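Asks: So that we are looking at the same thing, I have put the structure below in structure tokens.
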Amino acid sequence: MTSPNLENLARAGELQAEPPAKLEFDGLVASALSFLGDARKPSLAIVSRFNLAYEAAHALSLAALRWHGYRSNNRYMVFQVLEHTLGFKTMDWRILADCHKRRNLAVYEGSLNVDDRLLNDLIEITGRLFDAVEKLGPIAVTKPPRSTRQE
């Protein structure tokens, strides 16, 4: 079932309607699972763990959006719509938004400010994202339309 809020965002140009693609969805979930597993390894540097957990959270958030038949060109938007794609609370997506901001500061300005508490919150939320995406169920494989062209 498509959320009216997602439809409104598509009409406003914030999202693009696009049929879900099983291979894309499955690939996003698989990569997120791998990233999250590595992010949970305490032997890795905190910056590496943060980056891995952030990428896992983003992949899962995008997978949820794609499951609903939308795409965004804005990395931040996939977190903002979590309330509508997975029923997440505002507090959760705001933590993800803070992580997005910190990730951008690191990538574009070379400044990364991450502590154990933020990393642990990010890993915990990402684990819940994985559980929620798994509950969505698989994307059905759709057959391409039959050609009406005569050969």
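If you're wondering about the labels, chains in the structure tokens are A, B, ... by order shown, residues count from 1 in each chain, ligands from 1 in order shown.
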If we count only C-alpha atoms, what is near segment 52-60 of chain A at a cut-off of 8 Å, once residues fewer than 5 positions away on the same chain are taken out, given as a list of chain:residue names?

Replies: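 Close residues of segment 52-60 of chain A: A:Leu28, A:Val29, A:Ser31, A:Ala32, A:Leu33, A:Ser34, A:Phe35, A:Leu36, A:Asp38, A:Ala39, A:Arg75, A:Val78, A:Phe79, A:Leu96, A:Cys99, A:His100, A:Arg103, A:Leu119, A:Leu122, A:Ile123, A:Ile125, A:Thr126, A:Leu129, A:Phe130, A:Val133.
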
Asks: Per DSSP on the backbone, filter chain A down to the residues in strand (DSSP E or B) and report them as a PDB file with C-alpha atoms, in the first residue's frame.

Replies:
ATOM      1  CA  GLN A  16      10.299   9.841  -8.323  1.00  0.00           C
ATOM      2  CA  ALA A  17       7.789   7.057  -8.807  1.00  0.00           C
ATOM      3  CA  TYR A  70       9.836   5.392  -5.227  1.00  0.00           C
ATOM      4  CA  ARG A  71      13.347   6.688  -5.622  1.00  0.00           C
TER       5      ARG A  71
END

Asks: With only C-alpha atoms as the atoms that count, which of A:Tyr108, A:Asn120, A:Trp67, A:Phe50 lies nearest to His84 of chain A?

Replies: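 Of the candidates, the smallest distance to His84 of chain A is held by A:Trp67.
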
Asks: So what do you get for atom CA of Ser3 of chain A versus atom CA of Val81 of chain A, distance-wise?

Replies: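 Atom CA of Ser3 of chain A sits 10.2 Å away from atom CA of Val81 of chain A.
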
Asks: Between A:Ser72, A:Thr85, A:Ser61, A:Thr90, which is the closest to Gly127 of chain A once you count only C-alpha atoms?

Replies: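 Result for the nearest residue to Gly127 of chain A: A:Ser61.
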